[in-house]
Amino acid sequence: MVLFITTICIFLVIRLLVLFQVQIQFFMMGQDKGFKFNEITLLWKLAKEAEIEEPMQLYVSVPTLNMAISKIVMDSKANGTESLESTQTFINKLYNYRTKIDIDHENKKGLESTKYLEKGQRLRIILKGKGIFVSEILSVGHELIIRLPLQKNIRTLDGDDWVTHDVSVYLWRKGDAGYVFDTRVTNAGVFQGQSVIYLAHTNTLERAQKRKSVRAACQIYAQLYFIDADEPDFEAVEVEAGYKCLLEDISEDGAMVRIGGRGKQNIKIKLQFEIDEKLIIMFGIIRAVEYNQNTNQSRLHFECLHIEKEMKNSILAFIYRDLSDEKKEELTALAEVEEEEQESQKIHDTDYSSLQQNQADANSTEQVGQEGQAPSYDEEIPEENSSIPEE
């Protein structure tokens, strides 16, 4: 009989733990964060009244916490408890905790999980074979609920067409960086009167690489010239031979250059060559050098600081020509994320200048003068065996 009662009690305890697992975790986390039992109870009640799918968001999401603070303030005004010391102490604790979350987010190296994304976040989504789509997050709970993705504001796929497919998601997180993650569409339906699809959460996010990092392998012979002038003539075409070198890969903002001899970094140089019988001139600086003693050759990591628009377009045409459709879609999504970042920065700069216009103008003038100068150099490369032989 005793064994039977014990078994029943264990069963009931396990059943209760399963039924109240989320609530137990919520209260345990609340205690870890320094809240009292009655305060955690109020937060739990708020989470339920606001129909927050993931109550834990109150402890990690600033917008969710803002909503809770706002509701507590409004309710305390309505029921006449606003002036009570206990109410003010609790609200002050919430504000302090909100500040702590902000600081913690700023100190983090990056986004660790899609669970920390917020409602309203714009997304670029690549569905293989179908192209790039645009959407936004409507809710963050057990899954990401996002608006049915569109192409150029047109609905080209129904919700069921997305279900069970793997997708790549690109985004710019305001005040942080660009990210990309892969996930699966788990379901489709209607949320708050809107057609939506559901994305599984993931803890694997990568920083989005900007479009300027895209390079194409090549074997292009070029002429290398040293830049002595502080303000070189960007329109000048060299007629005398320079140091012969070989471009092993190229992008719109740089190249990998192979030369004979030992190279030196922080040297300002000019590269002159042809792509598809079109003249290309790039001005820039050697950022790093890889020297091979056995071959007495160096690979120069060249960063381009100036190139004419028409010449840049010729390089881009060369790079994009042999790319797969899948890679082109990836680059397009990255470019759109970068544009969103730049637009966000413009808005931030405008807001800041409206508050401190005079100081910002002065700082801007000084910064432009500093940033517009390439690093100087005090020795040239290379001293001997300075050319790459024809192969």
# chains A, B, ... in the order shown; residues from 1 in each chain; ligands from 1
call {"tool": "residues_around", "arguments": {"residues": "Lys270 of chain A", "least_positions_apart": "4", "cutoff": "10 Å", "atoms": "only C-alpha atoms", "output": "PyMOL selection string"}}
result
chain A and resi 223-227+232+234+238+242+281-285+302+304+306
call {"tool": "write_last_selection", "arguments": {"atoms": "N, CA and C atoms", "output": "PDB file, in the first residue's frame"}}
result
ATOM      1  N   GLN A 223      50.809  46.105 -64.682  1.00  0.00           N
ATOM      2  CA  GLN A 223      51.978  46.933 -64.392  1.00  0.00           C
ATOM      3  C   GLN A 223      51.761  47.617 -63.046  1.00  0.00           C
ATOM      4  N   LEU A 224      52.781  47.564 -62.190  1.00  0.00           N
ATOM      5  CA  LEU A 224      52.708  48.147 -60.853  1.00  0.00           C
ATOM      6  C   LEU A 224      53.604  49.391 -60.796  1.00  0.00           C
ATOM      7  N   TYR A 225      53.067  50.478 -60.243  1.00  0.00           N
ATOM      8  CA  TYR A 225      53.817  51.739 -60.108  1.00  0.00           C
ATOM      9  C   TYR A 225      53.705  52.226 -58.665  1.00  0.00           C
ATOM     10  N   PHE A 226      54.789  52.812 -58.163  1.00  0.00           N
ATOM     11  CA  PHE A 226      54.764  53.416 -56.833  1.00  0.00           C
ATOM     12  C   PHE A 226      54.148  54.808 -56.919  1.00  0.00           C
ATOM     13  N   ILE A 227      53.420  55.190 -55.879  1.00  0.00           N
ATOM     14  CA  ILE A 227      52.809  56.519 -55.816  1.00  0.00           C
ATOM     15  C   ILE A 227      53.610  57.369 -54.839  1.00  0.00           C
ATOM     16  N   PRO A 232      47.755  62.003 -56.141  1.00  0.00           N
ATOM     17  CA  PRO A 232      48.104  61.522 -57.485  1.00  0.00           C
ATOM     18  C   PRO A 232      47.067  61.934 -58.524  1.00  0.00           C
ATOM     19  N   PHE A 234      44.578  60.945 -60.894  1.00  0.00           N
ATOM     20  CA  PHE A 234      43.799  59.742 -61.123  1.00  0.00           C
ATOM     21  C   PHE A 234      43.483  59.501 -62.603  1.00  0.00           C
ATOM     22  N   GLU A 238      49.759  55.586 -67.584  1.00  0.00           N
ATOM     23  CA  GLU A 238      51.202  55.381 -67.690  1.00  0.00           C
ATOM     24  C   GLU A 238      51.549  54.780 -69.056  1.00  0.00           C
ATOM     25  N   GLY A 242      56.097  49.543 -65.930  1.00  0.00           N
ATOM     26  CA  GLY A 242      56.336  49.522 -64.493  1.00  0.00           C
ATOM     27  C   GLY A 242      56.873  48.164 -64.092  1.00  0.00           C
ATOM     28  N   ILE A 281      42.572  51.114 -64.122  1.00  0.00           N
ATOM     29  CA  ILE A 281      43.597  51.732 -63.276  1.00  0.00           C
ATOM     30  C   ILE A 281      43.066  51.761 -61.845  1.00  0.00           C
ATOM     31  N   MET A 282      43.827  51.164 -60.927  1.00  0.00           N
ATOM     32  CA  MET A 282      43.434  51.127 -59.524  1.00  0.00           C
ATOM     33  C   MET A 282      44.523  51.762 -58.663  1.00  0.00           C
ATOM     34  N   PHE A 283      44.124  52.644 -57.776  1.00  0.00           N
ATOM     35  CA  PHE A 283      45.041  53.290 -56.835  1.00  0.00           C
ATOM     36  C   PHE A 283      44.747  52.758 -55.438  1.00  0.00           C
ATOM     37  N   GLY A 284      45.803  52.461 -54.669  1.00  0.00           N
ATOM     38  CA  GLY A 284      45.545  51.970 -53.327  1.00  0.00           C
ATOM     39  C   GLY A 284      46.798  51.704 -52.533  1.00  0.00           C
ATOM     40  N   ILE A 285      46.695  50.752 -51.608  1.00  0.00           N
ATOM     41  CA  ILE A 285      47.772  50.506 -50.660  1.00  0.00           C
ATOM     42  C   ILE A 285      47.918  49.004 -50.404  1.00  0.00           C
ATOM     43  N   PHE A 302      46.274  43.792 -51.781  1.00  0.00           N
ATOM     44  CA  PHE A 302      46.111  45.180 -52.234  1.00  0.00           C
ATOM     45  C   PHE A 302      44.684  45.657 -51.995  1.00  0.00           C
ATOM     46  N   CYS A 304      42.116  48.684 -52.834  1.00  0.00           N
ATOM     47  CA  CYS A 304      41.903  49.806 -53.754  1.00  0.00           C
ATOM     48  C   CYS A 304      41.204  50.949 -53.027  1.00  0.00           C
ATOM     49  N   HIS A 306      40.898  54.066 -54.759  1.00  0.00           N
ATOM     50  CA  HIS A 306      40.250  54.887 -55.800  1.00  0.00           C
ATOM     51  C   HIS A 306      40.225  54.130 -57.122  1.00  0.00           C
TER      52      HIS A 306
END
call {"tool": "residues_around", "arguments": {"residues": "Leu171 of chain A", "least_positions_apart": "4", "cutoff": "12 Å", "atoms": "only C-alpha atoms", "output": "ChimeraX atom specification"}}
result
/A:111,114,117-118,120-126,133-137,176-182,205-210,333-341
call {"tool": "atom_distance", "arguments": {"atom1": "atom CA of Glu326 of chain A", "atom2": "atom CA of Lys128 of chain A"}}
result
7.2 Å
call {"tool": "atom_distance", "arguments": {"atom1": "atom CA of Ile145 of chain A", "atom2": "atom CA of Tyr198 of chain A"}}
result
4.8 Å
call {"tool": "closest_residue", "arguments": {"among": "A:Glu252, A:Glu290, A:Glu143, A:Glu329", "to": "Leu316 of chain A", "atoms": "only C-alpha atoms"}}
result
A:Glu252
call {"tool": "select_by_dssp", "arguments": {"residues": "segment 20-193 of chain A", "states": "helix (DSSP H, G or I)", "output": "tab-separated table (two decimals) with C-alpha atoms, in the first residue's frame"}}
result
chain	number	residue	atom	x	y	z
A	21	GLN	CA	7.57	23.52	-16.55
A	22	VAL	CA	7.52	26.91	-18.29
A	23	GLN	CA	6.19	28.68	-15.21
A	24	ILE	CA	8.79	27.03	-12.97
A	25	GLN	CA	11.59	28.08	-15.35
A	26	PHE	CA	10.15	31.61	-15.47
A	27	PHE	CA	10.14	31.92	-11.65
A	28	MET	CA	13.62	30.44	-11.31
A	29	MET	CA	15.04	32.87	-13.87
A	30	GLY	CA	13.23	35.75	-12.16
A	31	GLN	CA	14.87	34.89	-8.87
A	32	ASP	CA	18.26	34.68	-10.60
A	37	PHE	CA	8.31	36.34	-5.65
A	38	ASN	CA	5.37	38.79	-5.80
A	39	GLU	CA	7.16	40.77	-8.55
A	40	ILE	CA	7.74	37.63	-10.61
A	41	THR	CA	4.07	36.72	-10.11
A	42	LEU	CA	3.07	40.12	-11.53
A	43	LEU	CA	5.44	39.70	-14.49
A	44	TRP	CA	3.97	36.26	-15.19
A	45	LYS	CA	0.46	37.71	-15.07
A	46	LEU	CA	1.53	40.46	-17.48
A	47	ALA	CA	3.01	37.90	-19.86
A	48	LYS	CA	-0.25	35.98	-19.92
A	49	GLU	CA	-2.47	39.06	-20.28
A	55	PRO	CA	7.29	34.65	-21.34
A	56	MET	CA	11.08	34.37	-20.93
A	57	GLN	CA	11.32	37.24	-23.46
A	58	LEU	CA	10.54	39.57	-20.55
A	59	TYR	CA	14.01	38.83	-19.20
A	62	VAL	CA	13.97	45.33	-24.29
A	63	PRO	CA	10.77	45.91	-26.37
A	64	THR	CA	8.92	43.21	-24.42
A	65	LEU	CA	10.09	44.68	-21.13
A	66	ASN	CA	9.07	48.16	-22.30
A	67	MET	CA	5.57	46.83	-22.89
A	68	ALA	CA	5.47	45.37	-19.37
A	69	ILE	CA	6.67	48.62	-17.75
A	70	SER	CA	4.12	50.63	-19.72
A	71	LYS	CA	1.27	48.36	-18.63
A	72	ILE	CA	2.34	48.43	-14.97
A	73	VAL	CA	2.46	52.24	-15.03
A	74	MET	CA	-0.98	52.51	-16.69
A	75	ASP	CA	-2.55	49.95	-14.32
A	76	SER	CA	-1.08	51.63	-11.24
A	77	LYS	CA	-2.51	54.98	-12.38
A	78	ALA	CA	-5.90	53.38	-12.99
A	79	ASN	CA	-6.14	51.66	-9.60
A	85	GLU	CA	6.49	53.00	-2.39
A	86	SER	CA	6.25	49.31	-3.36
A	87	THR	CA	4.98	50.25	-6.84
A	88	GLN	CA	7.69	52.85	-7.41
A	89	THR	CA	10.38	50.47	-6.13
A	90	PHE	CA	9.22	47.76	-8.54
A	91	ILE	CA	9.05	50.14	-11.51
A	92	ASN	CA	12.50	51.48	-10.67
A	93	LYS	CA	13.83	47.92	-10.49
A	94	LEU	CA	12.34	47.19	-13.93
A	95	TYR	CA	13.95	50.33	-15.40
A	96	ASN	CA	17.31	49.38	-13.89
A	97	TYR	CA	16.97	45.88	-15.27
A	98	ARG	CA	16.04	47.28	-18.68
A	99	THR	CA	19.25	49.37	-18.65
A	100	LYS	CA	21.22	46.25	-17.73
A	101	ILE	CA	19.77	44.35	-20.70
A	102	ASP	CA	20.71	47.22	-23.00
A	103	ILE	CA	24.29	47.24	-21.72
A	104	ASP	CA	24.56	43.44	-21.92
A	105	HIS	CA	23.38	43.50	-25.53
A	106	GLU	CA	25.92	46.19	-26.40
A	107	ASN	CA	28.75	44.23	-24.79
A	114	THR	CA	17.17	34.01	-33.50
A	115	LYS	CA	15.17	34.04	-30.24
A	116	TYR	CA	16.65	37.50	-29.60
A	159	GLY	CA	2.22	29.66	-47.74
A	160	ASP	CA	2.01	25.94	-48.43
A	161	ASP	CA	4.66	26.33	-51.15
call {"tool": "atom_distance", "arguments": {"atom1": "atom CA of Leu279 of chain A", "atom2": "atom CA of Phe318 of chain A"}}
result
13.0 Å
call {"tool": "closest_residue", "arguments": {"among": "A:Asp158, A:Asp228, A:Glu112, A:Asp325", "to": "His201 of chain A", "atoms": "only C-alpha atoms"}}
result
A:Glu112
call {"tool": "select_by_dssp", "arguments": {"residues": "segment 47-278 of chain A", "states": "strand (DSSP E or B)", "output": "JSON, numbers by chain"}}
result
{"A": [122, 123, 124, 125, 126, 127, 131, 132, 133, 134, 135, 136, 137, 138, 139, 140, 144, 145, 146, 147, 150, 151, 154, 166, 167, 168, 169, 170, 171, 172, 178, 179, 180, 181, 182, 183, 184, 185, 186, 187, 188, 189, 190, 191, 194, 195, 196, 197, 198, 199, 206, 207, 216, 217, 218, 219, 220, 221, 222, 223, 224, 225, 226, 243, 244, 245, 246, 247, 248, 249, 250, 251, 254, 255, 256, 257, 258, 259, 260, 268, 269, 270, 271, 272, 273, 274, 275, 278]}
